[in-house]
Amino acid sequence: MTWRFPGLTRRAFLKAGGYGGAGLTLLKPISLLGKQHSDPPDGEEEISHSICNFCSSLCNLRVTSRTRNGVKRIVKLDGNPHSTLNRGKICARGQSGLRQTYDPDRLKTPLIRIEGSKRGEWAFRQATWEEAWQYIADRQQQAEIKPYEWTMVGGWTSCVFYMNWAVPFAMANEVPNIIASPMQHCVTTGHLGTDMVTGNFNIHDEVLPDYDNAKYILFIANNASIGAVSTCRMVRFATGRKRGAKVVALDPRCSETASKADEWLSIRPGTDLDFMLAMLKEMMEQGYYDALFLKRHSNMPFLIYKDEEGEWHLALDAEGRPQVVAEGSREVHVLPAYSNHNESDIDGQPVNAALTAPEGLEVDGKAVVTVFQAQLAELDGFTPEWAAKTTGIEAETIRRIAFEFGTTRPAIVDPGWHGARFQNMMMLRRVQAMIQMLTGGIDKKGGWIMSGEFHHKAARMIHAQRGEHEAGPPMVSLAGMPFAKFVIGAVSKGENFSHGRPGWAWAFSAQEAAAGREHVALPVMADTGLKESVEGKLEFNGEPYKTRAFLINAANPVRHYYPDQRWKDILGHQDVELVIAVDVLPADTTAWADVILPNSSYLERDEPTLYGNGVNHDLAVTTRYAAIDPLYDTEEITDILLRMTRIISGNEAKFLEWVEKLTGLSAAAVEERYAKKREEMEHGAFAAACREVSFAETARRLHTTPEAIDSELRVKGVMMEEEREHILAHAGMPWKLPLPSESGRVEFFSPLFHMLRSGGAKQPNFSPLATRVVAECRPGTPMDKPLQTDEFYFTYGKTPTVSYASTNSNNPVLAAINKFREPIYAGVWIHPDRAEPLGIQTGDSLKLTNTATGQSTGGTAYITRMVRRDTLFIYSSFGSENKALTRAYGIGTATSKLIPYRVEPVVAGFRSQEFTLKVSKTGGAA
Amino acid sequence: MDINMTFATQEIWTWWIAVYLYLGGLGAATLVVTFLTDMYLKPHRDLVLWGAFSGIVMLGLGSLMLFIHLLDHRAVLNVLNPLVLIRHPHAWIAWGTQFIIWMMWWGLFYALPYMIDSPQLNRIPLLRRLLKAGFIAKLSGRCCLRFHKTIGWLATINGIGVAVYTGLLLQSFPAVALWHNPGVPLLFTVSAFSTAMAFLLLILGIVIKREEDRPIRVFYERTDVMLIAAELVILFSFFHYMSAGSESAMHSAKLLWSDMGWLIGFIGFGLIVPFFLELRCVLRGSRGHAPVMLAAVLVLFGGYLLRHYFLAAGVYAFPW
Amino acid sequence: MTRYAMVIDLNTCVGCNACMAACAMENQTPVWKNEWRTYVHDQEIGTGEDVLRRFFPRLCNHCDNPPCLSVCPTGATYKLDNGIVKVDEDLCMGCRACAMACPYDARMEVTWDDVEKGKAFYGSDYRRERPSMDKCTFCDHRVEKGQKPACVETCVGSARMFGDLHDPNDPVAQLVASGVARPLLPHLGTKPNIYYIGDVKRRG
Ligand SMILES: Nc1nc2c(c(=O)[nH]1)N[C@H]1C(S)=C(S)[C@@H](COP(=O)(O)OP(=O)(O)OC[C@H]3O[C@@H](n4cnc5c(=O)[nH]c(N)nc54)[C@H](O)[C@@H]3O)O[C@H]1N2
Ligand SMILES: Nc1nc2c(c(=O)[nH]1)N[C@H]1C(S)=C(S)[C@@H](COP(=O)(O)OP(=O)(O)OC[C@H]3O[C@@H](n4cnc5c(=O)[nH]c(N)nc54)[C@H](O)[C@@H]3O)O[C@H]1N2
Ligand code: SF4
Ligand code: SF4
Ligand code: SF4
Ligand code: SF4
Ligand code: SF4
Ligand SMILES: [Mo]
């Protein structure tokens, strides 16, 4: 008998039973013991829509809930098929998201630290909300905490979803101190570099490269932002790759993304800028650029001169307008200061601006050249051969990549995301943007395309500037750099507050500057000065500037800022009177609080407003609909801020005014709705009120009814306003509209840096043109000098299944996957050729020591050829220390135990890889 | 597409199942041999009783091992139902289970007459009452005795079925070259009968101890020697079959032929040593049966090792 | 007649594991013991400096000629006309012969203990009542409703494609016919229906 018996389908089986008639009857009673064969009735299924909360891809969700045996339960999350952002797909974190809501470790009630215990010990007692509020109010009173002695710490979710309340909260309560987690990690450090060139600025950026249509894609220090994974980018990248785009990835290790590249270039950490400078030089010299675009839409043709100190300045006219020289002539034209093009001068004369000025051209007695020429001069010596030395990548390869990238259209160099790591990261992102601009690949098929929401805001702003309509509240009507300037202006100027104090970060920079010490030029929502302020080492106008209270929302600085000890010292300091943490899970930081306030999970929330659709090219509105009622005694962020207002300033009305002033949400309307909602609901009444008003106002804008919006969102989850093609047709930047940069053009010469530099910041970090900034892993020692046998460069990156080093490492599904992958995810990657002489094998336990600071921690070895010989790699997602996170506790290595406090001078970006590690074996494989 | 392989052994069926396969084969073969002996060589009440009982007990124990190991014991009813043979004739476990069940019944019926007039059994009070019961007598007289040979043959056929089945079961797992080949049923059957011979030699030599059984013992010794020889030949051809060809087989070969337990334990003490011990008796006639007893014990324990190592050394090739 | 099959393009699988998570949530699998109906190998291949990181998704191959089925004594393992191989929770006694027979490591045990844990973990919605062997069902409950399997639906790399081999216009059928997509261990005669598009050609 063969082991294959013909025709064994279910039906054949029944037939067989048929003629062995007894067959079935004999079988019946057995199955009757149990349930019938068909699955139990599927229960009542409901679909609702939401937005994922686990990374800034902000994917649209389709939530399936089922009511069975009387219990309604969220049973499945999917990508919202109606969403053109994530195209019906979500990643592992998104898929597992519902398990955050059902995580038994969740924060279920307010918690108050037990009297007599120390912060950090995780000794809490359950409390009612009224107890918690009373406790906070008492502390505030007894300790007489002044508004400016408060510091708000916000995670990226608080920025993205609640900025419209957080900033007004700060203004209303006169709290000038906000630390926002993405800033020193990505938004300022990384993105600001890109933004200098394009004029963009937004929380977690607004450029979504059009991978779908790209023919050549160059990734530089990208992984989690693409393949590991930002779904909205990955789905597009996958399409591009399937369509045959050539992909090159620069990464010291073979990341998930690099594994999908045709070429993985294993570059030496911290030297990407050298690679890019050589590439920029090569492309400019070989003519691998779109000359027409540069002439028309960039400041490359602007005339520029060098002063006695060798500093570059734009040759502006009396009214500060840029000047260019016409192609093939010596005639100089003055251009409008702010415009999207250089094609006509102030008198409306057509101009064909030259990229290179004729020999010996002078303006106002100064020898001038074009920005293009000046930039080339700056790049002098940065040849592929030169770059090969530091990067470890052959000159020929660099040349070839420059050629391929410069001559393949459309081509994309990814703008890059996580921006910490090295002090040259900002310049790196800047040069990446310049290289992209050389191809003219912006707001163009197959290039960088800015989000629908960004276009919408920018267009609004520009039309307002042209006086076509009134400007409107800043937070909804400012886009790009003007928005950045607004935020900086708000918190950096004492005059904005009755107490006359700017944020301590700004006070600290001033103090350090005055003392002639290294200081940070733009500490935008950064943590520089916090420790000093807490320890009483900061003065403002001769008076101490103390920080004595913290309101931490959706942030986990103990794991996400560097080093963790610094934050433990800050939060644990005896002079700190009150620490409040708002979270959903017992994150490591919450252990350092006096009061923990539980927030509802994202699937339990009706958000207080309508949102744009993230980086989506299309313009659409969306929001969250609660899939189930909150499981526990939890509150909404907006309501927490309102209640905190009562406690800090007692002036709730002022809070509402500020909300209206900054976001346009009508205070009166909210007030009225809130009065009603308060009767109906114990929690979230304020959020609900704001939501209704926001629906009403959006309806007015879109000439429809709130009901219409609601019903469409209930069915589809996203409401399309305008599609990409239309937007680009009328708002494409700089094609149709000026960019929100200083000059409206693409800026190779950065006015912002020019200003800072004129202000005295002379480090290369502040160069207005692209130039070299070095990574100092071993102060004084060039990167290409050999390392000790047990010494390595340090690199980290995000795990596909974890957000940051966040609490979703405690998600039972993700935790299981991490277990499945443990050696790779939780391990310390070392190349076999380096491990062998050190006698290290996969599974061995290791001691890692920072050679500069002596910080050290443990790890488990993973020996692999997927990392450079001179480099050690760690997934930066693990090392949770709070036992209350039962699944995440004690797994992997915490990067915040190795990274010292070292920031770059522009925005206090973390130099989180700028050191080397010594590795030693402490134990054999388990 | 170039595929890489991970080679892995399984932990799904471990010694539990090895014991099942071992006792199944041994028990069944024991019954078969005793009944055939009784029918054609020399009627022998005690031998039949001992063979039948120990056989049934072994089959019972073996099946118990499988049963305990199940995930859902209730669902076992689905294979106890004889119609399973019509529905899943391709599933060896179905056949095996039925063979075992019927083999037990036929074994019991064949032994019944002997039980009734066995003085030893009649000394056991309860059993005595049962054996004296009218319907038992009827059953014994009207059926068992009347169709004694038929029943004997039914038992034999089922018994052989069980022995062969233990091999066919492994053979039906296509991923593992060591199992998925016609040598396995052959090897397991031969081994089953060889161990049965050994077991019965022990019974005859230690429990029954009768001079007049000598011819039977001699016959058993001779057969066993031949069976062991056959087993060695089969294993030799296995060795060659495995040392080239499929990766799975080659990895199994590496595992087996570098394992002392297999080489010295099974091949050495489980086959070669007893082979020579018994051969010596066969050629020179045994002086005192100590050597034969020793050989028998070794064969029995070798029989288990064979199943154990066969399960342990099956290698899967998982692609990635 | 339909014949469901899956093509997996290794060139766009980024090892994000969304499929594992989606499958677990959709099919209530025993995540607590780190066992999966589908899983993704993360392997280093290539020699010397020529290293490639390959992500390799695995799941039941819904073989046309499934050894797991032919060894199943209870009939718990059966096959639908559309080729999907399933396990009937009520009939399965858990002898694991199918797991021994499966060349693709595609089956796992769900024990009484797991059923208990499952009740606690998946709560009111938990569907299973008895232990049995468990494996990928090609999400036939979704496919019946015209949806794609959960792992395919969410695959951020669109590496997983699901379709009908008997429909000549189906892209999956065309990929298979074209020969770029190949099955695993075809020599075993299992006639598997998961096909892979290789990634090695992409190098250098
Ligand atoms: N070790 C390490 N540090 C990092 C990074 C890393 O990869 N590794 N990445 C860096 C980068 S790029 C960034 S952007 C930052 C991001 O750093 P964060 O903004 O801090 O990131 P999250 O983990 O999203 O937010 C922190 C806290 O929010 C809580 N949370 C989750 N959902 C909710 C909710 O619905 N409500 C409330 N109130 N809280 C919630 C989580 O439990 C967590 O404790 O981290 C930076 N720091
Ligand atoms: N899974 C997951 N995805 C996420 C997030 C998350 O928390 N988890 N967070 C989102 C957020 S807020 C951000 S900011 C983005 C961050 O997304 P990315 O900016 O892509 O950040 P990482 O993935 O941390 O790092 C990318 C790669 O940089 C490599 N690298 C390290 N040092 C160097 C170097 O010197 N040179 C080069 N060329 N490469 C280097 C690392 O090996 C890593 O593979 O991810 C977003 N997506
Ligand atoms: S990429 Fe994943 S984690 Fe990020 S928003 Fe989308 S689904 Fe959520
Ligand atoms: S979801 Fe798709 S891309 Fe992600 S691991 Fe699974 S198969 Fe690969
Ligand atoms: S892959 Fe394994 S489990 Fe799936 S059908 Fe084939 S043999 Fe059966
Ligand atoms: S474990 Fe269940 S499905 Fe597998 S063979 Fe046994 S009875 Fe059939
Ligand atoms: S098809 Fe369904 S059951 Fe099979 S692996 Fe995919 S999600 Fe799991
Ligand atoms: Mo970030």
# chains A, B, ... in the order shown; residues from 1 in each chain; ligands from 1

$ interface_residues --of "chain C" --to "chain B" --cutoff "8 Å" --atoms "only C-alpha atoms" --output "JSON, numbers by chain"
{"C": [41, 43, 56, 67, 70, 71, 72, 73, 74, 75, 90, 91, 92, 93, 94, 95, 96, 99, 100, 101, 102, 103, 104, 105, 109, 110, 111, 112, 130, 131, 132, 182, 184, 185, 188, 196, 197, 198, 199, 200]}

$ residues_near_ligand --ligand "ligand 3" --cutoff "7 Å" --atoms "only C-alpha atoms and all ligand atoms" --output "VMD selection string"
chain A and resid 52 to 59 90 to 95 229 to 232

$ residues_around --residues "C:Val180" --least-positions-apart "2" --cutoff "12 Å" --atoms "only C-alpha atoms" --output "ChimeraX atom specification"
/B:1 /C:7-10,172-178,182-183,195-199,201

$ write_last_selection --atoms "C-alpha atoms" --output "compact mmCIF listing (two decimals), in the first residue's frame"
# COMPACT_ATOMS: atom_id res chain seq x y z
CA MET B 1 16.55 29.39 -5.83
CA VAL C 7 4.02 32.65 -3.51
CA ILE C 8 6.60 34.26 -1.24
CA ASP C 9 9.02 36.74 -2.78
CA LEU C 10 12.19 36.64 -0.70
CA VAL C 172 0.16 33.80 -8.38
CA ALA C 173 -0.69 31.11 -10.90
CA GLN C 174 1.35 32.96 -13.51
CA LEU C 175 4.37 33.30 -11.25
CA VAL C 176 4.25 29.58 -10.54
CA ALA C 177 3.78 28.71 -14.18
CA SER C 178 6.66 30.94 -15.19
CA ARG C 182 9.74 27.20 -6.71
CA PRO C 183 8.45 24.87 -3.99
CA TYR C 195 6.35 28.71 -3.75
CA TYR C 196 9.40 30.91 -3.20
CA ILE C 197 11.03 33.50 -5.42
CA GLY C 198 14.77 33.38 -4.72
CA ASP C 199 16.79 36.39 -3.64
CA LYS C 201 20.54 36.60 -7.89

$ interface_residues --of "chain C" --to "chain A" --cutoff "8 Å" --atoms "only C-alpha atoms" --output "PyMOL selection string"
chain C and resi 11-22+24-26+31-34+42+44+49+51-54+65-67+70-71+78-81+88+90-91+124-125+127+153-158+202-204

$ residues_near_ligand --ligand "ligand 7" --cutoff "6 Å" --atoms "only C-alpha atoms and all ligand atoms" --output "list of chain:residue names"
C:Cys23, C:Arg37, C:Thr38, C:Leu59, C:Cys136, C:Thr137, C:Phe138, C:Cys139, C:Pro149, C:Ala150, C:Cys151
